[in-house]
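J.: The following file, run.csv, comprises CSV, C-alpha atoms:
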```
chain,number,residue,atom,x,y,z
B,243,MET,CA,14.2,28.9,-15.8
B,244,THR,CA,11.9,25.9,-16.7
B,245,ARG,CA,8.4,26.1,-15.1
B,246,VAL,CA,5.8,23.3,-15.1
B,247,GLU,CA,2.3,23.1,-13.6
B,248,VAL,CA,2.9,19.9,-11.5
B,249,ALA,CA,6.2,18.4,-10.3
B,250,ILE,CA,5.9,15.0,-8.6
B,251,VAL,CA,8.8,14.2,-6.4
B,252,GLY,CA,9.0,10.4,-6.4
B,253,GLY,CA,8.2,8.3,-9.5
B,254,GLY,CA,7.2,5.1,-7.7
B,255,LEU,CA,3.8,3.5,-7.8
B,256,VAL,CA,2.0,6.4,-6.1
B,257,GLY,CA,3.7,9.2,-8.0
B,258,ALA,CA,3.3,7.4,-11.4
B,259,SER,CA,-0.4,6.8,-10.5
B,260,LEU,CA,-1.0,10.5,-9.9
B,261,ALA,CA,0.6,11.3,-13.2
B,262,LEU,CA,-1.6,8.8,-15.0
B,263,ALA,CA,-4.8,10.1,-13.2
B,264,LEU,CA,-3.9,13.7,-14.3
B,265,GLN,CA,-2.5,13.2,-17.8
B,266,GLU,CA,-5.7,13.2,-19.9
B,267,GLY,CA,-7.1,16.3,-18.2
B,268,ALA,CA,-3.7,17.9,-18.1
B,269,LYS,CA,-3.3,17.4,-21.8
B,270,ALA,CA,-6.6,19.2,-22.4
B,271,ARG,CA,-5.6,22.1,-20.2
B,272,GLY,CA,-2.0,22.4,-21.5
B,273,TRP,CA,-0.4,21.4,-18.2
B,274,ARG,CA,3.1,19.9,-18.1
B,275,ILE,CA,3.9,17.3,-15.5
B,276,VAL,CA,7.4,16.3,-14.4
B,277,LEU,CA,8.1,13.1,-12.5
B,278,ILE,CA,11.4,13.3,-10.6
B,279,GLU,CA,12.8,9.9,-9.5
B,280,PRO,CA,16.3,8.9,-8.2
B,281,HIS,CA,16.1,5.3,-9.3
B,282,ALA,CA,15.7,4.5,-13.0
B,283,PRO,CA,13.0,2.0,-13.8
B,284,GLY,CA,15.7,-0.2,-15.3
B,285,GLU,CA,15.3,-3.1,-17.7
B,286,PRO,CA,11.9,-4.2,-19.0
B,287,TYR,CA,10.0,-6.3,-16.6
B,288,GLN,CA,11.4,-9.8,-15.9
B,289,PRO,CA,9.6,-12.3,-13.6
B,290,SER,CA,11.5,-13.0,-10.4
B,291,TYR,CA,10.8,-15.5,-7.7
B,292,ASP,CA,11.7,-12.9,-5.0
B,293,ALA,CA,9.8,-9.9,-6.5
B,294,ARG,CA,8.1,-7.7,-3.9
B,295,SER,CA,4.4,-7.5,-4.2
B,296,SER,CA,1.4,-5.4,-3.1
B,297,ALA,CA,-2.1,-6.5,-2.2
B,298,LEU,CA,-4.6,-4.5,-4.3
B,299,SER,CA,-8.1,-4.2,-3.0
B,300,PHE,CA,-11.2,-4.7,-5.2
B,301,GLY,CA,-11.7,-0.9,-4.9
B,302,THR,CA,-8.2,-0.4,-6.3
B,303,ARG,CA,-9.1,-2.6,-9.2
B,304,GLN,CA,-12.0,-0.2,-9.9
B,305,ILE,CA,-9.8,2.8,-9.8
B,306,TYR,CA,-7.3,1.3,-12.3
B,307,GLU,CA,-10.2,0.2,-14.5
B,308,ARG,CA,-11.3,3.9,-14.6
B,309,LEU,CA,-7.7,4.8,-15.6
B,310,GLY,CA,-7.7,2.2,-18.4
B,311,LEU,CA,-4.8,0.2,-16.8
B,312,TRP,CA,-6.5,-2.8,-15.3
B,313,SER,CA,-6.4,-5.0,-18.4
B,314,ALA,CA,-2.6,-4.7,-18.4
B,315,ILE,CA,-2.2,-5.2,-14.7
B,316,ALA,CA,-4.5,-8.2,-14.7
B,317,ARG,CA,-2.1,-10.2,-16.8
B,318,ARG,CA,0.0,-10.9,-13.7
B,319,ALA,CA,-2.6,-10.2,-10.9
B,320,GLU,CA,-3.4,-13.2,-8.7
B,321,PRO,CA,-7.0,-13.0,-7.4
B,322,ILE,CA,-7.8,-13.4,-3.7
B,323,LEU,CA,-10.9,-15.5,-3.8
B,324,GLN,CA,-11.1,-16.2,-0.1
B,325,ILE,CA,-9.5,-14.8,3.1
B,326,HIS,CA,-9.2,-17.1,6.1
B,327,VAL,CA,-8.8,-15.3,9.4
B,328,SER,CA,-7.8,-17.3,12.5
B,329,GLU,CA,-5.9,-17.1,15.8
B,330,ARG,CA,-3.4,-19.7,16.8
B,331,GLY,CA,-4.5,-21.9,19.7
B,332,ARG,CA,-8.1,-20.5,19.6
B,333,PHE,CA,-11.3,-21.9,18.1
B,334,GLY,CA,-12.6,-18.7,16.5
B,335,ALA,CA,-12.2,-18.2,12.8
B,336,THR,CA,-13.9,-16.5,9.9
B,337,ARG,CA,-13.8,-16.8,6.1
B,338,LEU,CA,-14.5,-14.0,3.7
B,339,ARG,CA,-15.4,-15.2,0.2
B,340,ALA,CA,-15.6,-13.2,-3.0
B,341,ALA,CA,-18.7,-15.2,-4.2
B,342,GLU,CA,-20.6,-14.2,-1.1
B,343,GLU,CA,-19.8,-10.5,-1.7
B,344,GLY,CA,-20.8,-10.7,-5.3
B,345,VAL,CA,-17.4,-9.7,-6.7
B,346,PRO,CA,-14.9,-11.7,-8.9
B,347,ALA,CA,-12.2,-11.3,-6.2
B,348,LEU,CA,-11.8,-9.7,-2.8
B,349,GLY,CA,-8.5,-8.3,-4.0
B,350,TYR,CA,-5.4,-9.1,-6.0
B,351,VAL,CA,-1.7,-9.6,-5.4
B,352,VAL,CA,0.6,-8.0,-8.0
B,353,GLU,CA,4.3,-7.8,-8.2
B,354,ASN,CA,5.4,-4.2,-7.7
B,355,ALA,CA,7.8,-4.4,-10.7
B,356,TRP,CA,4.9,-5.4,-13.0
B,357,LEU,CA,2.6,-2.7,-11.6
B,358,GLY,CA,5.4,-0.2,-12.1
B,359,GLU,CA,6.0,-1.4,-15.7
B,360,CYS,CA,2.3,-1.0,-16.5
B,361,LEU,CA,2.2,2.5,-15.1
B,362,TRP,CA,5.3,3.7,-16.9
B,363,GLN,CA,4.2,2.3,-20.2
B,364,ALA,CA,0.8,4.1,-19.9
B,365,LEU,CA,2.3,7.6,-19.4
B,366,ASP,CA,2.2,9.9,-22.3
B,367,PRO,CA,5.6,11.5,-22.9
B,368,ALA,CA,3.8,14.5,-24.6
B,369,VAL,CA,2.4,15.4,-21.1
B,370,VAL,CA,4.5,13.6,-18.6
B,371,THR,CA,8.3,14.2,-18.6
B,372,TRP,CA,10.7,12.1,-16.6
B,373,ARG,CA,13.7,13.5,-14.8
B,374,CYS,CA,15.4,10.2,-13.9
B,375,PRO,CA,17.8,9.4,-12.3
B,376,ALA,CA,17.5,12.7,-10.5
B,377,GLU,CA,17.0,13.9,-6.9
B,378,VAL,CA,15.5,17.0,-5.4
B,379,LEU,CA,17.9,18.5,-2.9
B,380,ARG,CA,16.0,21.5,-1.8
B,381,MET,CA,12.5,23.1,-2.2
B,382,THR,CA,12.1,26.8,-1.8
B,383,PRO,CA,8.6,28.3,-1.6
B,384,LEU,CA,7.8,31.0,-4.0
B,385,GLY,CA,4.7,33.3,-4.2
B,386,ASP,CA,3.2,31.2,-6.9
B,387,GLY,CA,4.7,27.7,-6.3
B,388,TYR,CA,8.0,26.1,-5.5
B,389,ARG,CA,11.5,26.1,-6.8
B,390,LEU,CA,13.2,22.7,-6.8
B,391,GLN,CA,17.0,22.4,-6.8
B,392,LEU,CA,18.1,19.1,-8.4
B,393,ASP,CA,21.3,17.2,-7.8
B,394,ASP,CA,22.6,18.1,-11.2
B,395,ASP,CA,22.6,21.8,-10.2
B,396,SER,CA,19.6,22.6,-12.3
B,397,HIS,CA,16.4,24.3,-11.0
B,398,LEU,CA,12.8,23.7,-11.8
B,399,ASP,CA,9.8,25.9,-10.8
B,400,CYS,CA,6.3,24.5,-10.4
B,401,ALA,CA,2.8,25.6,-9.5
B,402,LEU,CA,2.2,22.4,-7.5
B,403,ALA,CA,4.9,20.2,-5.9
B,404,VAL,CA,3.7,16.8,-4.8
B,405,LEU,CA,5.9,14.9,-2.3
B,406,ALA,CA,5.5,11.1,-3.0
B,407,ASP,CA,9.1,10.2,-2.0
B,408,GLY,CA,8.3,7.7,0.8
B,409,GLY,CA,8.0,7.5,4.5
B,410,ARG,CA,11.5,8.8,5.2
B,411,SER,CA,11.1,11.9,3.2
B,412,GLU,CA,14.0,14.2,3.8
B,413,LEU,CA,12.2,17.0,2.0
B,414,ARG,CA,9.2,16.7,4.3
B,415,GLU,CA,11.6,17.2,7.2
B,416,GLN,CA,13.3,20.0,5.5
B,417,LEU,CA,10.0,21.8,5.0
B,418,GLY,CA,9.3,21.5,8.8
B,419,ILE,CA,6.3,19.2,8.4
B,420,HIS,CA,6.1,17.2,11.6
B,421,VAL,CA,4.9,13.6,11.8
B,422,ASN,CA,3.2,11.6,14.5
B,423,HIS,CA,5.3,8.5,14.8
B,424,GLN,CA,3.9,5.6,16.9
B,425,PRO,CA,6.3,2.6,16.7
B,426,TYR,CA,4.6,-0.8,17.2
B,427,GLY,CA,7.8,-2.4,18.5
B,428,GLN,CA,7.4,-4.9,15.7
B,429,THR,CA,9.2,-5.8,12.5
B,430,ALA,CA,7.8,-7.4,9.4
B,431,LEU,CA,9.7,-10.3,7.8
B,432,ILE,CA,8.9,-10.4,4.1
B,433,ALA,CA,9.6,-13.4,1.8
B,434,ASN,CA,8.0,-15.4,-1.0
B,435,LEU,CA,7.3,-19.1,-0.4
B,436,THR,CA,6.2,-22.2,-2.3
B,437,PRO,CA,3.7,-24.6,-0.5
B,438,SER,CA,3.3,-28.2,-1.5
B,439,GLU,CA,-0.5,-27.7,-2.0
B,440,PRO,CA,-2.2,-25.3,-4.4
B,441,HIS,CA,-3.2,-22.1,-2.8
B,442,ARG,CA,-6.4,-21.8,-4.9
B,443,GLY,CA,-6.6,-18.1,-4.4
B,444,GLN,CA,-6.7,-18.3,-0.7
B,445,ALA,CA,-5.2,-15.6,1.6
B,446,PHE,CA,-4.5,-16.3,5.2
B,447,GLU,CA,-4.4,-13.9,8.2
B,448,ARG,CA,-3.1,-15.9,11.2
B,449,PHE,CA,-2.8,-14.2,14.5
B,450,THR,CA,-0.2,-15.5,16.9
B,451,GLN,CA,0.9,-14.5,20.4
B,452,ASP,CA,3.9,-12.7,19.0
B,453,GLY,CA,2.2,-11.0,16.0
B,454,PRO,CA,0.1,-11.6,12.9
B,455,LEU,CA,1.2,-13.8,10.0
B,456,ALA,CA,-0.2,-13.2,6.5
B,457,LEU,CA,0.1,-15.4,3.4
B,458,LEU,CA,-1.1,-14.0,0.1
B,459,PRO,CA,-1.5,-15.9,-3.2
B,460,LEU,CA,0.9,-15.2,-6.0
B,461,ALA,CA,1.3,-16.5,-9.5
B,462,GLU,CA,3.1,-19.8,-10.1
B,463,ASN,CA,1.6,-21.1,-6.8
B,464,ARG,CA,3.9,-18.9,-4.7
B,465,CYS,CA,2.7,-17.1,-1.6
B,466,ALA,CA,3.9,-13.8,-0.3
B,467,LEU,CA,4.6,-14.0,3.5
B,468,VAL,CA,4.3,-11.0,5.8
B,469,TRP,CA,5.3,-12.2,9.3
B,470,THR,CA,5.1,-9.7,12.1
B,471,ARG,CA,7.4,-10.4,15.0
B,472,PRO,CA,8.9,-8.5,18.0
B,473,THR,CA,11.9,-6.6,16.6
B,474,GLY,CA,14.6,-8.7,18.3
B,475,ASP,CA,13.0,-12.0,17.3
B,476,ALA,CA,12.7,-10.9,13.6
B,477,GLY,CA,16.5,-10.6,13.5
B,478,ARG,CA,16.8,-14.1,14.8
B,479,LEU,CA,14.5,-15.5,12.1
B,480,LEU,CA,16.4,-13.7,9.5
B,481,ALA,CA,19.6,-15.4,10.6
B,482,LEU,CA,18.1,-19.0,10.4
B,483,ASP,CA,18.9,-21.2,7.5
B,484,ASP,CA,16.0,-22.1,5.2
B,485,ARG,CA,15.3,-25.4,6.8
B,486,GLN,CA,15.1,-24.0,10.3
B,487,PHE,CA,13.1,-21.0,9.1
B,488,LEU,CA,10.5,-23.1,7.3
B,489,ALA,CA,10.1,-25.4,10.2
B,490,GLU,CA,9.4,-22.6,12.6
B,491,LEU,CA,7.0,-21.0,10.2
B,492,GLN,CA,5.2,-24.3,9.7
B,493,GLN,CA,4.8,-24.6,13.5
B,494,GLN,CA,3.1,-21.2,13.6
B,495,PHE,CA,1.0,-21.5,10.5
B,496,GLY,CA,0.1,-25.2,10.4
B,497,TYR,CA,-0.5,-27.4,7.3
B,498,ARG,CA,-3.4,-25.7,5.5
B,499,LEU,CA,-1.3,-25.4,2.4
B,500,GLY,CA,0.7,-28.6,3.1
B,501,ALA,CA,4.4,-28.4,3.7
B,502,PHE,CA,6.4,-25.3,2.8
B,503,ARG,CA,9.0,-26.4,0.2
B,504,HIS,CA,11.0,-23.3,-0.6
B,505,ALA,CA,11.6,-19.8,0.9
B,506,GLY,CA,13.1,-16.9,-1.1
B,507,THR,CA,15.2,-14.0,0.1
B,508,ARG,CA,14.0,-12.6,3.5
B,509,HIS,CA,13.8,-8.9,4.2
B,510,LEU,CA,12.9,-7.0,7.4
B,511,TYR,CA,10.9,-3.7,7.8
B,512,ALA,CA,10.4,-1.9,11.1
B,513,LEU,CA,6.7,-1.1,11.7
B,514,ALA,CA,5.1,2.1,12.9
B,515,LEU,CA,2.0,4.2,12.4
B,516,VAL,CA,3.3,7.4,10.8
B,517,GLU,CA,1.0,10.4,9.9
B,518,ALA,CA,2.1,13.8,8.6
B,519,GLU,CA,0.5,16.6,10.6
B,520,GLU,CA,0.1,18.6,7.4
B,521,GLN,CA,-0.8,16.9,4.1
B,522,VAL,CA,-1.4,20.2,2.1
B,523,ARG,CA,0.1,23.7,2.1
B,524,PRO,CA,-0.3,26.3,-0.7
B,525,HIS,CA,1.3,24.8,-3.8
B,526,LEU,CA,2.2,21.6,-1.9
B,527,ALA,CA,0.6,18.2,-1.3
B,528,LEU,CA,1.9,15.0,0.3
B,529,LEU,CA,0.9,11.5,-0.9
B,530,GLY,CA,1.7,7.9,-0.2
B,531,ASN,CA,4.0,7.0,2.7
B,532,ALA,CA,5.1,10.6,2.9
B,533,ALA,CA,1.5,11.4,4.1
B,534,HIS,CA,0.8,8.2,6.1
B,535,SER,CA,2.3,4.8,6.6
B,536,LEU,CA,0.2,2.0,8.1
B,537,HIS,CA,0.8,-1.4,9.6
B,538,PRO,CA,0.6,-4.1,6.9
B,539,ILE,CA,-1.8,-6.3,8.9
B,540,ALA,CA,-4.9,-5.2,7.0
B,541,GLY,CA,-3.1,-4.6,3.6
B,542,GLN,CA,-4.6,-1.1,3.3
B,543,GLY,CA,-1.6,1.2,3.0
B,544,TYR,CA,-1.2,1.4,-0.8
B,545,ASN,CA,-4.9,1.2,-1.4
B,546,LEU,CA,-5.6,4.2,0.8
B,547,SER,CA,-2.8,6.1,-1.0
B,548,LEU,CA,-4.3,5.3,-4.4
B,549,ARG,CA,-7.7,6.6,-3.2
B,550,ASP,CA,-6.0,9.8,-2.0
B,551,THR,CA,-4.3,10.0,-5.4
B,552,LEU,CA,-7.4,9.7,-7.4
B,553,CYS,CA,-9.2,12.2,-5.2
B,554,LEU,CA,-6.4,14.8,-5.5
B,555,ALA,CA,-6.4,14.4,-9.3
B,556,GLU,CA,-10.2,14.9,-9.5
B,557,GLU,CA,-10.1,18.0,-7.4
B,558,LEU,CA,-7.2,19.5,-9.4
B,559,LEU,CA,-8.9,18.9,-12.7
B,560,ALA,CA,-12.4,20.0,-11.5
B,561,SER,CA,-11.0,23.4,-10.2
B,562,PRO,CA,-10.8,26.4,-12.6
B,563,ALA,CA,-7.8,27.5,-10.6
B,564,GLU,CA,-4.2,26.6,-11.4
B,565,PRO,CA,-2.6,23.6,-9.7
B,566,GLY,CA,-1.4,24.6,-6.2
B,567,ASP,CA,-4.4,26.7,-5.3
B,568,PHE,CA,-4.8,26.3,-1.6
B,569,ALA,CA,-8.6,26.2,-1.6
B,570,THR,CA,-8.5,23.3,-4.1
B,571,LEU,CA,-6.0,21.4,-2.0
B,572,MET,CA,-8.1,22.0,1.1
B,573,ARG,CA,-11.2,20.6,-0.7
B,574,TYR,CA,-9.1,17.5,-1.5
B,575,GLN,CA,-8.1,17.1,2.2
B,576,ALA,CA,-11.7,17.5,3.4
B,577,ARG,CA,-12.9,14.9,0.9
B,578,GLN,CA,-10.4,12.3,2.0
B,579,ARG,CA,-10.4,13.0,5.7
B,580,LEU,CA,-13.1,10.5,6.6
B,581,ASP,CA,-11.6,7.8,4.4
B,582,GLN,CA,-8.2,8.3,6.0
B,583,GLN,CA,-9.5,8.4,9.6
B,584,LEU,CA,-11.5,5.2,9.1
B,585,THR,CA,-8.8,3.3,7.3
B,586,VAL,CA,-6.0,4.3,9.6
B,587,GLY,CA,-8.2,3.7,12.7
B,588,PHE,CA,-9.3,0.3,11.4
B,589,SER,CA,-5.7,-0.8,10.7
B,590,ASP,CA,-4.4,0.5,14.0
B,591,ARG,CA,-7.2,-1.0,16.1
B,592,VAL,CA,-6.9,-4.4,14.5
B,593,THR,CA,-3.2,-4.3,15.0
B,594,ARG,CA,-3.4,-3.4,18.7
B,595,LEU,CA,-6.3,-5.8,19.3
B,596,PHE,CA,-4.5,-8.8,17.9
B,597,THR,CA,-1.1,-8.1,19.5
B,598,THR,CA,-2.4,-7.9,23.1
B,599,ALA,CA,-1.8,-11.1,25.1
B,600,THR,CA,-4.4,-10.3,27.9
B,601,PRO,CA,-6.4,-13.6,28.4
B,602,LEU,CA,-9.8,-11.7,28.5
B,603,LEU,CA,-9.0,-9.9,25.2
B,604,ALA,CA,-7.8,-13.2,23.7
B,605,ASP,CA,-11.1,-14.8,24.5
B,606,GLY,CA,-13.0,-11.8,23.1
B,607,ARG,CA,-11.0,-12.0,19.9
B,608,SER,CA,-11.9,-15.6,19.5
B,609,LEU,CA,-15.6,-15.0,20.0
B,610,GLY,CA,-15.4,-12.0,17.7
B,611,LEU,CA,-14.0,-14.1,14.9
B,612,LEU,CA,-16.6,-16.7,15.4
B,613,GLY,CA,-19.3,-14.0,15.6
B,614,LEU,CA,-18.2,-12.6,12.2
B,615,ASP,CA,-18.7,-16.0,10.7
B,616,LEU,CA,-22.2,-16.3,12.2
B,617,LEU,CA,-23.5,-12.7,11.6
B,618,PRO,CA,-23.7,-11.9,7.8
B,619,PRO,CA,-24.1,-8.1,8.3
B,620,ALA,CA,-21.0,-7.8,10.4
B,621,LYS,CA,-19.1,-10.1,8.1
B,622,HIS,CA,-20.2,-8.0,5.1
B,623,TRP,CA,-19.0,-4.8,6.8
B,624,PHE,CA,-15.6,-6.4,7.6
B,625,ALA,CA,-15.3,-7.6,4.0
B,626,ARG,CA,-16.0,-4.1,2.6
B,627,GLN,CA,-13.2,-2.8,4.8
B,628,ALA,CA,-10.9,-5.4,3.4
B,629,MET,CA,-12.0,-4.6,-0.2
B,630,GLY,CA,-11.3,-0.9,0.3
B,631,LEU,CA,-15.0,0.0,-0.1
B,632,GLY,CA,-15.7,0.9,3.6
B,633,THR,CA,-16.3,4.6,2.9
B,634,ARG,CA,-18.1,4.2,-0.4
B,635,ALA,CA,-21.8,4.0,-1.0
B,636,GLN,CA,-23.2,0.5,-1.2
B,637,PRO,CA,-23.5,-0.8,-4.8
```
Starting from the coordinates I provided, produce the structure as structure tokens.
T.:
Amino acid sequence: MTRVEVAIVGGGLVGASLALALQEGAKARGWRIVLIEPHAPGEPYQPSYDARSSALSFGTRQIYERLGLWSAIARRAEPILQIHVSERGRFGATRLRAAEEGVPALGYVVENAWLGECLWQALDPAVVTWRCPAEVLRMTPLGDGYRLQLDDDSHLDCALAVLADGGRSELREQLGIHVNHQPYGQTALIANLTPSEPHRGQAFERFTQDGPLALLPLAENRCALVWTRPTGDAGRLLALDDRQFLAELQQQFGYRLGAFRHAGTRHLYALALVEAEEQVRPHLALLGNAAHSLHPIAGQGYNLSLRDTLCLAEELLASPAEPGDFATLMRYQARQRLDQQLTVGFSDRVTRLFTTATPLLADGRSLGLLGLDLLPPAKHWFARQAMGLGTRAQP
């Protein structure tokens, strides 16, 4: 029976980032790490107009710099130099600028395929072994870890099992870990667009009566669209032809980037706030969407997951105990509790505030956005939340 120190179930961006954060210390301590992933990484990275992307905060850049990966990621990372926040039909607006915060960019937009390629290339095969394509069918707790049953009828024992297999984790359900699921009654429509004017590193957060609309800058003067709509209406938008779709989007967004010339493939994602009631057990930890899944309005889901990942790696490597020690895992959870509470709360409150059509609240939102632009301390606080630095000490 093969036994390893750490088995990471899910070799996506979160799982691969944990392996990278652990690998130097793991090599020094003789630990073996296995990444188990059902979908093979595939061919070497190829640019694609329709590539899905993630918004990385400035804090996430700092983490990847520590891990020695940022110089590779930066080759295809589009900087966010300014964020324009507004509400359709209202006078209030605010602008967050990287120059005012003393940073080179408020964040970056990176294609997921490129980020994955950078992570996979950085993993040391002497420390990190891939089981791919492979799927874990069952996890059985042992006195000193877990036994994993894989879909090829093989078994693997580990001192620590990390579930990083996404928000619909069947293993999480199998282990009896309950989740708090609060649907927003909204669906996100995702697509890449080309505007007629240069985006110049600007990101836009546009609140409308039916839900927020975000445009993020991408390479080749593309923009990543995240358009939140009531679930029924999102299906209607998906069915429109490109000309009709762009005309309706233009009406909601306006002409800040000129006319939209091209829209790529559209995808829909139902939105909900999902939080696992347990993130750690003896010899078990949950990361990424398996632990918590946020509304994309504030772009904080992946960034929070990466901060969790780094914190878990630090606690595991700082502990004299073997991976899976419950006291070590509880220290990790205690360290990240405030960050998680503040980030989840910030994302959820902003979502609910800007999706309420009550006239009094609408007036208050407009004044609030105007107030942010007029009050530097409040604006700086808001910018730090956006940059993923809200729970860190001031530089």
J.: Skip range 515-522 of chain B itself and residues of its chain fewer than 5 positions away, then list as JSON, numbers by chain all residues within 9 Å of it, counting only C-alpha atoms.
T.: {"B": [409, 414, 419, 420, 421, 422, 423, 424, 425, 426, 527, 528, 529, 531, 532, 533, 534, 535, 536, 537, 568, 571, 572, 574, 575, 586, 590]}
J.: From the set B:Val251, B:Asp393, B:Asp475, B:Gly257, which residue has the shortest atom-to-atom contact distance to Ser411 in chain B, counting all atoms listed in the file?
T.: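 With all atoms listed in the file as the atom set, the closest residue is B:Val251.
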J.: Give the answer as one residue: which of B:His281, B:Arg579, B:Arg478, B:His504 has the shortest atom-to-atom distance to Thr436 in chain B, using only C-alpha atoms?
T.: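 That would be B:His504, the residue with the smallest distance to Thr436 in chain B.
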J.: Which value, in Å to one decimal, gives the distance between CA of Val468 in chain B and CA of Tyr511 in chain B?
T.: 10.0 Å
J.: Go through range 532-597 of chain B and flag each residue having an atom no more than 12 Å from range 301-313 of chain B; for those, report the closest pair of atoms plus their distance in Å to one decimal, using only C-alpha atoms, ordered by chain and rising number, as JSON lines.
T.:
```
{"residue": "B:Gly541", "atom": "CA", "partner": "B:Thr302", "partner_atom": "CA", "distance": 11.9}
{"residue": "B:Gln542", "atom": "CA", "partner": "B:Thr302", "partner_atom": "CA", "distance": 10.3}
{"residue": "B:Gly543", "atom": "CA", "partner": "B:Thr302", "partner_atom": "CA", "distance": 11.5}
{"residue": "B:Tyr544", "atom": "CA", "partner": "B:Thr302", "partner_atom": "CA", "distance": 9.1}
{"residue": "B:Asn545", "atom": "CA", "partner": "B:Thr302", "partner_atom": "CA", "distance": 6.1}
{"residue": "B:Leu546", "atom": "CA", "partner": "B:Thr302", "partner_atom": "CA", "distance": 8.9}
{"residue": "B:Ser547", "atom": "CA", "partner": "B:Thr302", "partner_atom": "CA", "distance": 10.0}
{"residue": "B:Leu548", "atom": "CA", "partner": "B:Thr302", "partner_atom": "CA", "distance": 7.2}
{"residue": "B:Arg549", "atom": "CA", "partner": "B:Thr302", "partner_atom": "CA", "distance": 7.7}
{"residue": "B:Asp550", "atom": "CA", "partner": "B:Ile305", "partner_atom": "CA", "distance": 11.1}
{"residue": "B:Thr551", "atom": "CA", "partner": "B:Ile305", "partner_atom": "CA", "distance": 10.1}
{"residue": "B:Leu552", "atom": "CA", "partner": "B:Ile305", "partner_atom": "CA", "distance": 7.7}
{"residue": "B:Cys553", "atom": "CA", "partner": "B:Ile305", "partner_atom": "CA", "distance": 10.5}
{"residue": "B:Ala555", "atom": "CA", "partner": "B:Leu309", "partner_atom": "CA", "distance": 11.6}
```
J.: Quick one: residues within 12 Å of Pro383 in chain B, all atoms listed in the file counted, chain neighbours fewer than 2 positions away excluded, as a PyMOL selection string?
T.: chain B and resi 380-381+385-391+398-403+416-417+523-526+566
J.: Next, write the just-selected residues to a file, as a compact mmCIF listing (two decimals), in the coordinates of the input, keeping C-alpha atoms as the atom set.
T.:
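Resulting contents of out.txt:
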```txt
# COMPACT_ATOMS: atom_id res chain seq x y z
CA ARG B 380 16.00 21.50 -1.80
CA MET B 381 12.50 23.10 -2.20
CA GLY B 385 4.70 33.30 -4.20
CA ASP B 386 3.20 31.20 -6.90
CA GLY B 387 4.70 27.70 -6.30
CA TYR B 388 8.00 26.10 -5.50
CA ARG B 389 11.50 26.10 -6.80
CA LEU B 390 13.20 22.70 -6.80
CA GLN B 391 17.00 22.40 -6.80
CA LEU B 398 12.80 23.70 -11.80
CA ASP B 399 9.80 25.90 -10.80
CA CYS B 400 6.30 24.50 -10.40
CA ALA B 401 2.80 25.60 -9.50
CA LEU B 402 2.20 22.40 -7.50
CA ALA B 403 4.90 20.20 -5.90
CA GLN B 416 13.30 20.00 5.50
CA LEU B 417 10.00 21.80 5.00
CA ARG B 523 0.10 23.70 2.10
CA PRO B 524 -0.30 26.30 -0.70
CA HIS B 525 1.30 24.80 -3.80
CA LEU B 526 2.20 21.60 -1.90
CA GLY B 566 -1.40 24.60 -6.20
```
J.: Glu266 in chain B: which residues within 10 Å, counting only C-alpha atoms, same-chain residues fewer than 6 positions away excluded, as a PyMOL selection string?
T.: chain B and resi 273+309+365-366+369+559
J.: When distances are computed from all atoms listed in the file, which of B:Ile315, B:Ala563, B:Gly453, B:Asp581 shows the smallest separation from Trp362 in chain B?
T.: B:Ile315
J.: So how far away is CA of Ser299 in chain B from CA of Arg317 in chain B, in Å?
T.: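 Pair CA of Arg317 in chain B / CA of Ser299 in chain B returns 16.2 Å.
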J.: Find the residues with any atom within 8 Å of (-16.7, -15.8, 3.9); use only C-alpha atoms and the coordinates as given in the file, and write the answer as a ChimeraX atom specification.
T.: /B:324-326,336-340,342,615,621
J.: Convert the current residue selection to file output with C-alpha atoms, as a CSV table (one decimal), in the coordinates of the input.
T.:
```
chain,number,residue,atom,x,y,z
B,324,GLN,CA,-11.1,-16.2,-0.1
B,325,ILE,CA,-9.5,-14.8,3.1
B,326,HIS,CA,-9.2,-17.1,6.1
B,336,THR,CA,-13.9,-16.5,9.9
B,337,ARG,CA,-13.8,-16.8,6.1
B,338,LEU,CA,-14.5,-14.0,3.7
B,339,ARG,CA,-15.4,-15.2,0.2
B,340,ALA,CA,-15.6,-13.2,-3.0
B,342,GLU,CA,-20.6,-14.2,-1.1
B,615,ASP,CA,-18.7,-16.0,10.7
B,621,LYS,CA,-19.1,-10.1,8.1
```
J.: Go through B:Leu457, B:Val248, B:Ala319, B:Leu435 and flag the residue nearest Ala501 in chain B, using all atoms listed in the file for the distances.
T.: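 Closest to Ala501 in chain B, using all atoms listed in the file: B:Leu435.
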J.: Mind checking which residues fall within 9 Å of Val370 in chain B, counting only C-alpha atoms, ignoring those fewer than 4 positions away in the same chain, and posting them as a list in words?
T.: Ala261, Leu262, Gln265, Arg274, Ile275, Val276, Leu277, Leu365 and Asp366 of chain B
J.: Quick one, how far is CA of Leu510 in chain B from CA of Thr429 in chain B?
T.: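 Between these atoms lies a distance of 6.4 Å.
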J.: Given all atoms listed in the file as the basis, pick out the residue of B:Trp372, B:Tyr291, B:Phe495, B:Tyr350 nearest to Gly254 in chain B.
T.: B:Trp372
J.: Could you tell me which of B:Gly349, B:Gly344, B:Gly530, B:Gly477 comes closest to Ile250 in chain B if we count all atoms listed in the file?
T.: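 Counting all atoms listed in the file, the residue closest to Ile250 in chain B is B:Gly530.
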